[in-house]
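Data block for target15.pdb (PDB, C-alpha atoms):
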```
ATOM      1  CA  MET N   1      70.681  46.248  38.974  1.00  0.00           C
ATOM      2  CA  VAL N   2      67.999  48.013  36.957  1.00  0.00           C
ATOM      3  CA  PHE N   3      69.422  51.346  38.129  1.00  0.00           C
ATOM      4  CA  TYR N   4      72.901  50.537  36.807  1.00  0.00           C
ATOM      5  CA  PHE N   5      71.668  48.999  33.560  1.00  0.00           C
ATOM      6  CA  ALA N   6      69.389  51.970  32.917  1.00  0.00           C
ATOM      7  CA  GLN N   7      72.096  54.451  33.859  1.00  0.00           C
ATOM      8  CA  ARG N   8      74.602  52.813  31.553  1.00  0.00           C
ATOM      9  CA  TYR N   9      72.477  51.697  28.619  1.00  0.00           C
ATOM     10  CA  GLY N  10      69.564  54.126  28.893  1.00  0.00           C
ATOM     11  CA  THR N  11      71.959  57.021  28.390  1.00  0.00           C
ATOM     12  CA  ASP N  12      74.763  57.577  25.924  1.00  0.00           C
ATOM     13  CA  GLY N  13      77.201  56.121  28.472  1.00  0.00           C
ATOM     14  CA  THR N  14      79.160  59.327  28.916  1.00  0.00           C
ATOM     15  CA  ARG N  15      79.771  60.943  32.288  1.00  0.00           C
ATOM     16  CA  GLU N  16      77.383  63.740  31.316  1.00  0.00           C
ATOM     17  CA  GLY N  17      74.630  61.311  30.349  1.00  0.00           C
ATOM     18  CA  MET N  18      74.994  59.302  33.525  1.00  0.00           C
ATOM     19  CA  SER N  19      75.113  62.532  35.542  1.00  0.00           C
ATOM     20  CA  ALA N  20      71.799  63.602  33.983  1.00  0.00           C
ATOM     21  CA  PHE N  21      70.364  60.213  34.929  1.00  0.00           C
ATOM     22  CA  ASP N  22      71.567  60.667  38.523  1.00  0.00           C
ATOM     23  CA  LYS N  23      69.948  64.122  38.660  1.00  0.00           C
ATOM     24  CA  MET N  24      66.638  62.662  37.459  1.00  0.00           C
ATOM     25  CA  TRP N  25      66.916  59.953  40.124  1.00  0.00           C
ATOM     26  CA  ASP N  26      67.427  62.581  42.816  1.00  0.00           C
ATOM     27  CA  ALA N  27      64.856  65.094  41.568  1.00  0.00           C
ATOM     28  CA  TYR N  28      61.898  62.963  40.477  1.00  0.00           C
ATOM     29  CA  PRO N  29      60.274  60.484  42.875  1.00  0.00           C
ATOM     30  CA  ALA N  30      58.090  59.170  40.026  1.00  0.00           C
ATOM     31  CA  PHE N  31      61.243  58.264  38.089  1.00  0.00           C
ATOM     32  CA  ARG N  32      62.546  56.259  41.061  1.00  0.00           C
ATOM     33  CA  HIS N  33      59.143  54.619  41.471  1.00  0.00           C
ATOM     34  CA  GLY N  34      59.204  53.530  37.829  1.00  0.00           C
ATOM     35  CA  MET N  35      62.660  51.995  38.290  1.00  0.00           C
ATOM     36  CA  TYR N  36      61.424  50.124  41.366  1.00  0.00           C
ATOM     37  CA  GLN N  37      58.421  48.842  39.402  1.00  0.00           C
ATOM     38  CA  ILE N  38      60.662  47.636  36.596  1.00  0.00           C
ATOM     39  CA  SER N  39      62.953  45.864  39.083  1.00  0.00           C
ATOM     40  CA  ILE N  40      60.003  44.101  40.687  1.00  0.00           C
ATOM     41  CA  ILE N  41      58.537  43.078  37.330  1.00  0.00           C
ATOM     42  CA  TRP N  42      61.783  41.523  36.096  1.00  0.00           C
ATOM     43  CA  THR N  43      62.280  39.713  39.404  1.00  0.00           C
ATOM     44  CA  VAL N  44      58.763  38.297  39.515  1.00  0.00           C
ATOM     45  CA  ILE N  45      58.781  37.242  35.866  1.00  0.00           C
ATOM     46  CA  TYR N  46      62.078  35.388  36.142  1.00  0.00           C
ATOM     47  CA  LEU N  47      61.080  33.738  39.423  1.00  0.00           C
ATOM     48  CA  LEU N  48      57.847  32.563  37.782  1.00  0.00           C
ATOM     49  CA  GLN N  49      59.804  31.313  34.799  1.00  0.00           C
ATOM     50  CA  ALA N  50      62.204  29.402  37.056  1.00  0.00           C
ATOM     51  CA  GLY N  51      59.304  27.880  38.995  1.00  0.00           C
ATOM     52  CA  ALA N  52      57.528  26.869  35.811  1.00  0.00           C
ATOM     53  CA  THR N  53      60.736  25.327  34.480  1.00  0.00           C
ATOM     54  CA  ALA N  54      61.226  23.348  37.695  1.00  0.00           C
ATOM     55  CA  LEU N  55      57.642  22.044  37.533  1.00  0.00           C
ATOM     56  CA  ILE N  56      58.013  21.081  33.894  1.00  0.00           C
ATOM     57  CA  ILE N  57      61.292  19.285  34.553  1.00  0.00           C
ATOM     58  CA  ALA N  58      59.757  17.376  37.452  1.00  0.00           C
ATOM     59  CA  SER N  59      56.613  16.347  35.614  1.00  0.00           C
ATOM     60  CA  THR N  60      57.513  15.708  31.969  1.00  0.00           C
ATOM     61  CA  THR N  61      60.008  13.877  29.849  1.00  0.00           C
ATOM     62  CA  PHE N  62      63.492  15.160  29.181  1.00  0.00           C
ATOM     63  CA  SER N  63      62.580  16.084  25.611  1.00  0.00           C
ATOM     64  CA  ALA N  64      59.528  18.095  26.616  1.00  0.00           C
ATOM     65  CA  ALA N  65      61.418  19.809  29.439  1.00  0.00           C
ATOM     66  CA  TYR N  66      64.255  20.658  27.069  1.00  0.00           C
ATOM     67  CA  ASN N  67      61.850  22.190  24.555  1.00  0.00           C
ATOM     68  CA  TRP N  68      60.070  24.235  27.208  1.00  0.00           C
ATOM     69  CA  ASN N  69      63.423  25.366  28.589  1.00  0.00           C
ATOM     70  CA  GLN N  70      64.221  26.808  25.169  1.00  0.00           C
ATOM     71  CA  ILE N  71      60.921  28.726  24.991  1.00  0.00           C
ATOM     72  CA  LEU N  72      60.265  29.974  28.533  1.00  0.00           C
ATOM     73  CA  PRO N  73      63.349  32.224  28.985  1.00  0.00           C
ATOM     74  CA  ILE N  74      62.664  33.961  25.677  1.00  0.00           C
ATOM     75  CA  THR N  75      59.004  34.387  26.579  1.00  0.00           C
ATOM     76  CA  ALA N  76      59.931  35.766  30.008  1.00  0.00           C
ATOM     77  CA  PHE N  77      62.330  38.245  28.411  1.00  0.00           C
ATOM     78  CA  VAL N  78      59.764  39.436  25.859  1.00  0.00           C
ATOM     79  CA  VAL N  79      57.068  39.895  28.520  1.00  0.00           C
ATOM     80  CA  ALA N  80      59.485  41.745  30.826  1.00  0.00           C
ATOM     81  CA  MET N  81      60.624  44.033  27.995  1.00  0.00           C
ATOM     82  CA  ALA N  82      57.041  44.787  26.965  1.00  0.00           C
ATOM     83  CA  LEU N  83      56.090  45.690  30.523  1.00  0.00           C
ATOM     84  CA  THR N  84      59.269  47.765  30.887  1.00  0.00           C
ATOM     85  CA  MET N  85      58.350  49.745  27.769  1.00  0.00           C
ATOM     86  CA  LEU N  86      54.820  50.306  29.070  1.00  0.00           C
ATOM     87  CA  ILE N  87      56.128  51.622  32.383  1.00  0.00           C
ATOM     88  CA  ALA N  88      58.692  53.817  30.601  1.00  0.00           C
ATOM     89  CA  ARG N  89      56.047  55.307  28.307  1.00  0.00           C
ATOM     90  CA  HIS N  90      53.740  55.933  31.249  1.00  0.00           C
ATOM     91  CA  GLY N  91      56.615  57.644  33.086  1.00  0.00           C
ATOM     92  CA  GLN N  92      57.400  59.809  30.075  1.00  0.00           C
ATOM     93  CA  ARG N  93      53.763  60.898  29.777  1.00  0.00           C
ATOM     94  CA  ALA N  94      53.581  61.632  33.494  1.00  0.00           C
ATOM     95  CA  GLY N  95      56.826  63.622  33.302  1.00  0.00           C
ATOM     96  CA  ARG N  96      55.597  65.681  30.362  1.00  0.00           C
ATOM     97  CA  GLN N  97      52.326  66.340  32.151  1.00  0.00           C
ATOM     98  CA  ALA N  98      54.132  67.408  35.331  1.00  0.00           C
ATOM     99  CA  ALA N  99      56.359  69.739  33.308  1.00  0.00           C
ATOM    100  CA  ALA N 100      53.330  71.209  31.539  1.00  0.00           C
ATOM    101  CA  ASP N 101      51.542  71.667  34.861  1.00  0.00           C
ATOM    102  CA  ALA N 102      54.606  73.353  36.361  1.00  0.00           C
ATOM    103  CA  ALA N 103      54.898  75.665  33.342  1.00  0.00           C
ATOM    104  CA  GLY N 104      51.186  76.495  33.660  1.00  0.00           C
ATOM    105  CA  ASP N 105      51.554  77.247  37.365  1.00  0.00           C
ATOM    106  CA  GLN N 106      54.493  79.557  36.690  1.00  0.00           C
ATOM    107  CA  GLY N 107      52.452  81.407  34.089  1.00  0.00           C
ATOM    108  CA  ASN N 108      49.533  81.821  36.497  1.00  0.00           C
ATOM    109  CA  SER N 109      51.671  82.994  39.423  1.00  0.00           C
ATOM    110  CA  SER N 110      53.272  85.804  37.412  1.00  0.00           C
ATOM    111  CA  THR N 111      49.969  87.444  36.467  1.00  0.00           C
TER     112      THR N 111
END
```
This structure in structure tokens:
Amino acid sequence: MVFYFAQRYGTDGTREGMSAFDKMWDAYPAFRHGMYQISIIWTVIYLLQAGATALIIASTTFSAAYNWNQILPITAFVVAMALTMLIARHGQRAGRQAAADAAGDQGNSST
């Protein structure tokens, strides 16, 4: 799902934008790895949130469980988004570094 959300909402939504996304997916293993990491993070966070909610429901009053059920999904979303942004920024830095290294190698091979 992360692939389709990122393809659709991480681009301008046009065929050209989604085509560029597909080319990055095919050409850059690090890009795919980042998408896999993001998928795993969202899955784990929401499973933990669901488990915590189930424990709270089983062990507290209705009122307390209701209050926690209002807070935990928002907290899970914020944590998942923060981690997604960290992974995306790391991927961007790694991509820029790889491009700079490739440009440096091309300059050295021509001399």
ask   = Which residues fall under the PyMOL selection byres ((chain N and resi 35) around 10) in this file, as a ChimeraX atom specification?
value = /N:1-3,6,25,29-34,36-41,84,87-88,91
Can you turn the PyMOL selection byres ((chain N and resi 22) around 12) into a concrete residue list for this file, as a compact mmCIF listing (two decimals) with C-alpha atoms, keeping the file's coordinate frame?
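expr.txt was written with the following content:
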```
# COMPACT_ATOMS: atom_id res chain seq x y z
CA PHE N 3 69.42 51.35 38.13
CA TYR N 4 72.90 50.54 36.81
CA ALA N 6 69.39 51.97 32.92
CA GLN N 7 72.10 54.45 33.86
CA ARG N 8 74.60 52.81 31.55
CA GLY N 10 69.56 54.13 28.89
CA THR N 11 71.96 57.02 28.39
CA ARG N 15 79.77 60.94 32.29
CA GLU N 16 77.38 63.74 31.32
CA GLY N 17 74.63 61.31 30.35
CA MET N 18 74.99 59.30 33.52
CA SER N 19 75.11 62.53 35.54
CA ALA N 20 71.80 63.60 33.98
CA PHE N 21 70.36 60.21 34.93
CA LYS N 23 69.95 64.12 38.66
CA MET N 24 66.64 62.66 37.46
CA TRP N 25 66.92 59.95 40.12
CA ASP N 26 67.43 62.58 42.82
CA ALA N 27 64.86 65.09 41.57
CA TYR N 28 61.90 62.96 40.48
CA PHE N 31 61.24 58.26 38.09
CA ARG N 32 62.55 56.26 41.06
```
Evaluate the PyMOL selection byres ((chain N and resi 46-54) around 7) here and jot the selected residues down as a tab-separated table (two decimals) with C-alpha atoms, in the coordinates of the input.
```
chain	number	residue	atom	x	y	z
N	42	TRP	CA	61.78	41.52	36.10
N	43	THR	CA	62.28	39.71	39.40
N	44	VAL	CA	58.76	38.30	39.52
N	45	ILE	CA	58.78	37.24	35.87
N	55	LEU	CA	57.64	22.04	37.53
N	56	ILE	CA	58.01	21.08	33.89
N	57	ILE	CA	61.29	19.28	34.55
N	58	ALA	CA	59.76	17.38	37.45
N	69	ASN	CA	63.42	25.37	28.59
N	72	LEU	CA	60.26	29.97	28.53
N	73	PRO	CA	63.35	32.22	28.98
N	76	ALA	CA	59.93	35.77	30.01
```
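Put simply, CA of Phe5 (chain N) is 13.3 Å away from CA of Met81 (chain N).
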